[in-house]
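Step one of this worksheet: look at the structure below.
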Amino acid sequence: MANSLPTEFDVVVIGTGLPESILAAACSRSGQRVLHLDSRSYYGGNWASFSFSGLLSWLKEYQQNSDIGEEGSTAWQDLIYETEEAITLCRKDETIQHTEVFCYASQDVNDNIEETDVLQKSPSWVASSTLIKPLDSACLSEETHPLYVSSYEMSAKDTTKNNGEVTDAAETLVKEYCRYKTYKHTVSDGAKDETKPILEDNSDPPKRNRITYSQIVKEGRKFNIDLVSKLLYSQGLLIDLLIKSNVSHYAEFKNVTRILAFREGKVEQVPCSRADIFNSKDLTMVEKRMLMKFLTFCLDYEQHPDEYQAFVQSSFSEYLKTKKLTPNLQHFVLHSIAMMSDSPCTTIDGLKATKNFLQCLGRFGNTPFLLPLYGQGEIPQCFCRMCAVFGGIYCLRHKVQCLVVDKESGRCKAIIDHFGRRISAKYFIVEDSYLSEETCLNVQYKQISRAVLITDQSVLKAESDQQISVLIVPPVEPGACAVRITELCSSTMTCMKDTYLVHLTCSSSKTAREDLESVVKKLFTPYAETEIDKEELKKPRLLWALYFNMRDSSGVSRSSYNGLPSNVYVCTGPDCGLGSEHAVKQAETLFREIFPSEEFCPPPPNPEDIFFDGDDKQPEPSGTSNIVMAKLESSEGSKNLESPGKHLQN
Amino acid sequence: HGRLKVKTSEEQAEAKRLEREQKLKLYQSATQTVFRKVGPSERQAGELDESVLELTSQILGANPDFATLWNCRREVLQRLEAQKSPEELAALVKAELGFLESCLRVNPKSYGTWHHRCWLLGRLPEPNWTRELELCARFLEVDERNFHCWDYRRFVAAQAAVPPAEELAFTDSLITRNFSNYSSWHYRSCLLPQLHPQPDSGPQGRLPEDVLLKELELVQNAFFTDPNDQSAWFYHRWLLGRADPQDALRCLHVSRDEACLTVSFSRPLLVGSRTDTLLLMVDESPLAVEWRTPDGRNQPSHVWLCDLPAASLNDQLPQHTFRVIWTAGNAQKECVLLKGRQECWCRDSATDEQLFRCDLSVEKSTVLQSELESCKELQELEPENKWCLLTIILLMRALDPLLYEKETLQYFQTLKASRAVDPMRAAYLDDLRSKFLLENSVLKMEYAEVRVLHLGHKDLTMLCHLEQLLLVTHLDLSHNRLQALPPALAALRCLEVLQANDNAIESLDGVTNLPRLQELFLCNNRLPQPAVLQPLASCPKLVLLNLQGNPLCQAAGISEQLAELLPSVSSILT
């Protein structure tokens with residue numbers, strides 16, 4: 001099987017994070033032969049999402065921080081010719097540090113319930129040979145949707161059979177695609193039904209659900225826990241790209257339902273849209289007017305320079321004080337709308353951020369943010385799927401030993417994988433974490449502090465318990481960082497019923513726990529069997545918590561890497577920001593650098609306009625091509641019926 | 001080779017063009033076939049069958065706004081009703097409902113389609129109203145301002161007898177989503193009076209105070225959030241509005257000289273020549289008279305008059321009693337003409353509330369007062385918002401027109417000066433201001449019981465409420481911006497001297513049939529040619545006419561022309 005992998009490509013992409021996946025899709029879409037590799041067993045790199053058990057095995061891996069990979073390596077040094085030299089790649093992933101896990105939920109005696117879930121990797125995965133899975137969407141869904149029990153062996157068999165046959169592969173893809181669609185559809189329907197009884201339950205508030213650790217483990221497959229917590233600005237670059245390229249059809253989205261603020265020790269809802277302000281019970285009439293007036297002004301602040309010219313030099317918070325806004329309104333605008341809690345931001349930056357927020361409002365709902373169902377990890381996978389549709393080949397658990405550089409031209413010409421196989425290509429795209437210490441000698445990394453919590457209640461109760469909230473907690477002392485919190489309910493398909501999945505993110509000054517624990521303590525209380533304090537009782541209880549630091553390579557410039565050939569392009573890992581604008585921008589910039597004349601991720605053609613170009617330009621014998629076209633068309637039809645992208649298109 | 005290729009844009013365009021041509025051909029031929037089938041002779045031959053349904057559905061499916069074809073379908077369906085079995089009919093109706101829904105998806109604002117659905121549902125023996133309500137909710141989900149759908153919803157809710165409380169909750173939910181929704185506010189104004197019926201004695205169509213206050217808060221939320229949204233202001237005006245005033249006879253006047261009786265009413269009405277709308281009793285016995293309006297047009301009017309026979313005015317009796325009964329309005333008025341008197345009248349000493357139908361009521365002056373305060377607060381924040389300024393003016397009028405007169409005029413000035421007012425509404429504001437000034441003058445006159453009225457130097461642009469001036473003998477309209485003396489002026493039956501110098505008057509339609517008019521001053525106006533003076537010929541007592549400073553004075557031989565036109569006017573100054 002290993003032999004069947006072609007050894008020549010146009011582009012080799014190493015790493016399946018968001019920017020790499022977008023680039024892979026863009027290259028494949030513009031007709032390049034793409035090989036997309038990841039040494040990990042899952043898609044997405046640090047952009048991935050995991051089931052609960054998946055997250056535990058991910059943690060185990062980092063805690064052991066094992067010397068993996070060594071045994072599989074062949075002596076590749078022998079494979080380098082005299083005219084060549086090698087740039088070694090990194091063998092260990094060092095992007096995650098300071099992982100700490102706390103379990104508060106009770107661990108019953110009968111705790112040894114094994115998760116029925118298919119674990120993400122079989123223990124013997126290191127030994128197993130490289131698996132080539134061209135165009136296999138079943139395996140894409142397998143990782144994060146263990147419900148979809150397609151057995152591992154089966155897909156392996158499938159791929160062996162199909163390997164290298166484009167037509168067959170396309171057929172499989174269509175089939176898989178349809179299965180995938182139906183699967184998603186039914187699941188989300190089920191979820192809707194599920195929410196109803198929950199609402200009824202809510203009517204008797206004093207009763208609290210008791211959730212044990214064993215329940216979490218048992219229902220572990222209901223979780224899709226993101227490593228990076230990000231949202232999509234509904235007028236942002238990522239949404240635009242998803243829509244333009246039709247990749248949006250592969251995923252489903254929900255609108256964030258509310259924006260929260262943390263002020264004077266209390267969580268409150270921020271009225272940010274016209275409808276919110278109209279409906280708000282907490283604002284006075286005059287406050288409503290002043291807030292609306294200010295927000296309306298921000299929408300086209302450039303047209304009224306006289307309104308802010310005098311404050312260009314002062315900070316945004318100083319400027320807000322001059323706008324007749326009451327302190328609560330100032331807080332809302334500064335922290336929750338402009339989201340400018342960190343470093344004193346200028347008036348212009350604040351206005352710009354407010355405008356951006358407001359422009360995103362109302363496109364898909366009452367808040368500016370969208371969230372993919374089943375976790376953030378869906379998004380890179382969707383781009384991988386697009387890449388596969390246009391012929392890209394995928395290999396997970398595929399290590400690359402080194403880049404081979406031609407001494408004379410100074411260009412990279414091939415890679416050597418852990419089988420010692422040489423795969424040549426014209427362009428190489430490598431994610432930062434794959435680069436060796438030597439290459440990154442001069443690179444300064446920032447860090448992101450992350451916490452993932454499983455709680456039993458929302459931080460702000462409302463009529464419906466199915467809320468998706470964003471909350472910014474401003475820094476307590478100047479110089480510290482604001483903490484961004486997203487709280488997800490079970491209908492986002494990221495956590496089990498009756499729980500909430502809470503993500504905390506800030507840029508690190510210390511370890512994640514040191515950075516975030518104080519905020520966690522303010523908002524939550526550890527789960528205890530006996531309820532002690534009345535005040536504490538109101539807070540949601542922590543069932544489980546994880547802290548970790550993630551490397552933020554987003555600020556690294558290309559020039560700080562040592563000795564990379566000009567045709568090796570570097571993608572960075574996730575940044576600390578709320579949106580994925582950085583990743584999209586990076587992918588587009590690199591694509592334009594590599595293929596200046598090609599369009600970046602154009603919409604896929606209408607199936608009716610696709611035909612096979614025969615060698616002799618004679619009409620194609622109506623055999624295979626017709627079947628494929630019919631298939632494509634039917635898949636298009638099913639798309640329209642279910643309109644999975646309807647959230648994005650209305 | 002062997003790869004997927006994509007058609008070029010030219011190929012795509014060509015394919016699209018061909019497809020469109022094909023579609024057009026089909027559409028045209030189908031239309032022709034339908035018209036052939038429903039022609040007058042084919043009708044007889046029984047061509048109105050299901051094939052017409054099939055054909056029209058093809059066309060309407062593409063273009064639901066083809067009204068004629070909906071008519072065809074109705075005719076066919078009516079015919080089939082008589083021919084088919086109940087089961088077949090049920091299937092037919094089901095298909096028709098499905099088809100209508102598909103048409104609505106093509107165009108959710110198609111008059112024809114919604115109308116057809118109304119028609120169809122109205123004919124069904126057991127219509128499924130729940131389904132229809134769901135349909136409405138679905139279409140309003142897509143576009144909460146689709147008034148076609150709102151209209152249909154009101155129809156369905158009425159037919160299905162949906163409790164008003166449920167419908168009100170529905171409007172609540174849509175207003176919460178987006179309060180710029182005329183239909184939703186309007187529906188509330190229909191539902192709330194149904195939900196809170198007033199006791200018989202109270203003014204109909206109004207709300208109890210607690211409900212009113214809640215609605216006022218809701219609507220205040222809307223206009224504080226977005227003061228430029230008109231829908232909320234209009235609803236606000238409805239909330240503070242008052243019911244129509246009770247029908248009443250305002251004034252009754254009898255003149256011995258002119259042998260004439262004049263009545264003015266609280267609202268314009270039409271008195272037919274032989275109907276019993278009005279009943280005149282002279283000395284307690286009915287008298288048949290011919291009613292007419294002062295301007296002679298006999299159109300609905302506030303003022304009607306009739307000639308009295310000499311017998312009912314003779315001086316032999318010590319007095320004559322005149323009583324007019326307005327049968328429909330259940331109102332009457334009486335006055336007594338004493339021996340030796342030339343005239344008599346009876347006039348309501350009405351309060352302003354009864355006299356003028358303000359836009360806002362005085363039901364609860366505390367409510368109005370607090371509304372005025374919050375509007376002033378908003379006006380401070382939004383000094384140029386025209387809706388807010390206008391509402392302040394209306395509230396002040398409703399509270400106390402005379403007390404707030406000066407302030408009101410200032411707000412008018414602010415309103416006119418502000419940049420926000422569109423020039424298209426400038427004349428409307430001028431007229432509104434004139435109306436309020438006239439009302440105030442009438443009120444002042446009322447309290448002083450005078451028959452001389454000075455309306456000079458008030459910047460008036462129009463005249464109104466002239467029916468209130470039935471008894472005025474001297475009227476000064478000088479130094480205003482009037483462009484005409486309107487027909488309603490003919491109601492001033494007692495007018496003897498009219499001063500209208502220094503205006504922009506071009507026409508004199510109202511200066512007609514004024515039995516006592518003696519002196520008319522029209523200096524410095526814009527009377528273009530002698531012909532516009534024609535109405536004056538009908539004023540028998542006119543002796544002095546001053547036309548100096550009018551364009552018509554420039555015409556050659558003007559004196560001769562005027563002498564010919566108005567032979568009885570002894571002194572004409574040009």
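Labeling convention for the structure tokens: chains A, B, ... as they appear, residues from 1 per chain, ligands from 1 in order of appearance.
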
Residues at most 8 Å from Pro300 of chain B, counting only C-alpha atoms, excluding those fewer than 4 positions away in the same chain, as a ChimeraX atom specification?
/B:268-271

Writing out the chosen residues with C-alpha atoms as a compact mmCIF listing (two decimals), in the first residue's frame:
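What landed in part_0.txt:
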```
# COMPACT_ATOMS: atom_id res chain seq x y z
CA PRO B 268 -69.71 67.41 7.71
CA LEU B 269 -72.88 65.72 6.59
CA LEU B 270 -74.94 65.38 3.48
CA VAL B 271 -78.57 66.41 3.59
```

For chain B, which residues have at least one atom within 12 Å of chain A, if we go by only C-alpha atoms? Write them as a ChimeraX atom specification, please.
/B:1-13,15-16,142-143,172-180,217-229,232,374-382

Could the residues in this selection be written to a file with C-alpha atoms, as a PDB file, in the first residue's frame?
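This went into part-v2.pdb:
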```
ATOM      1  CA  HIS B   1      -6.614  14.895 -20.513  1.00  0.00           C
ATOM      2  CA  GLY B   2      -9.172  12.772 -18.804  1.00  0.00           C
ATOM      3  CA  ARG B   3      -9.587  15.600 -16.288  1.00  0.00           C
ATOM      4  CA  LEU B   4     -12.672  17.463 -15.271  1.00  0.00           C
ATOM      5  CA  LYS B   5     -13.107  20.618 -17.299  1.00  0.00           C
ATOM      6  CA  VAL B   6     -15.419  23.502 -16.765  1.00  0.00           C
ATOM      7  CA  LYS B   7     -17.407  25.320 -19.418  1.00  0.00           C
ATOM      8  CA  THR B   8     -16.231  28.818 -20.222  1.00  0.00           C
ATOM      9  CA  SER B   9     -18.353  31.792 -19.375  1.00  0.00           C
ATOM     10  CA  GLU B  10     -19.357  32.298 -23.048  1.00  0.00           C
ATOM     11  CA  GLU B  11     -20.623  28.754 -23.269  1.00  0.00           C
ATOM     12  CA  GLN B  12     -22.512  29.240 -20.052  1.00  0.00           C
ATOM     13  CA  ALA B  13     -24.065  32.470 -21.247  1.00  0.00           C
ATOM     14  CA  ALA B  15     -26.694  27.919 -22.719  1.00  0.00           C
ATOM     15  CA  LYS B  16     -28.541  30.283 -20.432  1.00  0.00           C
ATOM     16  CA  VAL B 142     -39.079  35.141   6.524  1.00  0.00           C
ATOM     17  CA  ASP B 143     -40.309  38.729   6.238  1.00  0.00           C
ATOM     18  CA  ASP B 172     -45.446  41.026  20.687  1.00  0.00           C
ATOM     19  CA  SER B 173     -43.016  38.436  19.441  1.00  0.00           C
ATOM     20  CA  LEU B 174     -42.594  40.139  16.074  1.00  0.00           C
ATOM     21  CA  ILE B 175     -42.206  43.594  17.574  1.00  0.00           C
ATOM     22  CA  THR B 176     -39.533  42.194  19.850  1.00  0.00           C
ATOM     23  CA  ARG B 177     -37.653  41.039  16.795  1.00  0.00           C
ATOM     24  CA  ASN B 178     -38.001  44.264  14.862  1.00  0.00           C
ATOM     25  CA  PHE B 179     -40.177  47.108  16.002  1.00  0.00           C
ATOM     26  CA  SER B 180     -40.201  48.859  12.633  1.00  0.00           C
ATOM     27  CA  GLU B 217     -43.908  52.319  27.799  1.00  0.00           C
ATOM     28  CA  LEU B 218     -43.471  49.845  24.976  1.00  0.00           C
ATOM     29  CA  VAL B 219     -43.744  52.489  22.318  1.00  0.00           C
ATOM     30  CA  GLN B 220     -41.457  54.833  24.241  1.00  0.00           C
ATOM     31  CA  ASN B 221     -38.845  52.104  24.233  1.00  0.00           C
ATOM     32  CA  ALA B 222     -39.168  52.071  20.482  1.00  0.00           C
ATOM     33  CA  PHE B 223     -38.828  55.781  19.887  1.00  0.00           C
ATOM     34  CA  PHE B 224     -36.052  56.242  22.366  1.00  0.00           C
ATOM     35  CA  THR B 225     -34.202  53.429  20.663  1.00  0.00           C
ATOM     36  CA  ASP B 226     -34.810  54.807  17.210  1.00  0.00           C
ATOM     37  CA  PRO B 227     -36.588  58.156  17.101  1.00  0.00           C
ATOM     38  CA  ASN B 228     -36.488  58.199  13.327  1.00  0.00           C
ATOM     39  CA  ASP B 229     -38.688  55.164  12.998  1.00  0.00           C
ATOM     40  CA  ALA B 232     -43.709  53.781  16.599  1.00  0.00           C
ATOM     41  CA  SER B 374     -40.460  62.269  28.296  1.00  0.00           C
ATOM     42  CA  CYS B 375     -40.800  63.730  24.813  1.00  0.00           C
ATOM     43  CA  LYS B 376     -39.106  66.907  25.976  1.00  0.00           C
ATOM     44  CA  GLU B 377     -36.348  64.764  27.439  1.00  0.00           C
ATOM     45  CA  LEU B 378     -35.956  63.015  24.118  1.00  0.00           C
ATOM     46  CA  GLN B 379     -36.029  66.332  22.319  1.00  0.00           C
ATOM     47  CA  GLU B 380     -33.096  67.520  24.378  1.00  0.00           C
ATOM     48  CA  LEU B 381     -31.145  64.500  23.176  1.00  0.00           C
ATOM     49  CA  GLU B 382     -32.435  64.756  19.635  1.00  0.00           C
TER      50      GLU B 382
END
```

Cys136 of chain B environment, 8 Å, only C-alpha atoms, sequence neighbours closer than 4 positions dropped, as JSON, numbers by chain
{"B": [132, 140, 149, 150, 152, 153]}

Please provide as an NGL selection string all residues within 10 Å of segment 507-516 of chain A, with the sequence filter that same-chain residues fewer than 6 positions apart are discarded (counting only C-alpha atoms).
:A and (97-101 or 446-451 or 479-484 or 546-552 or 575-577)

Using backbone DSSP assignments, extract all alpha helix (DSSP H) residues from segment 408-446 of chain B; output them as a VMD selection string.
chain B and resid 408 to 417 426 to 446

What is the distance between atom CA of Leu241 of chain A and atom CA of Phe364 of chain A, in Å to one decimal?
16.0 Å

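Going from atom CA of Tyr62 of chain A to atom CA of Thr572 of chain A covers 19.9 Å.
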
Can you list, as a ChimeraX atom specification, every residue of segment 384-620 of chain A that DSSP puts in strand (DSSP E or B)?
/A:393-396,400-406,412-417,422-424,427-431,435,446-455,469-473,483-488,500-507,525-526,541-552,568-571,610-613

Determine, counting only C-alpha atoms, which protein, DNA and RNA residues have an atom within 8 Å of an atom of Arg363 of chain A; residues of the same chain fewer than 3 positions away are not included. Present the result as a ChimeraX atom specification.
/A:234-235,360,368

Give me the residues near Cys118 of chain B as number ranges by chain, where near means some atom within 9 Å (using only C-alpha atoms) and where sequence neighbours in that chain fewer than 3 positions away do not count.
B: 113-115, 121-123, 152, 155-156
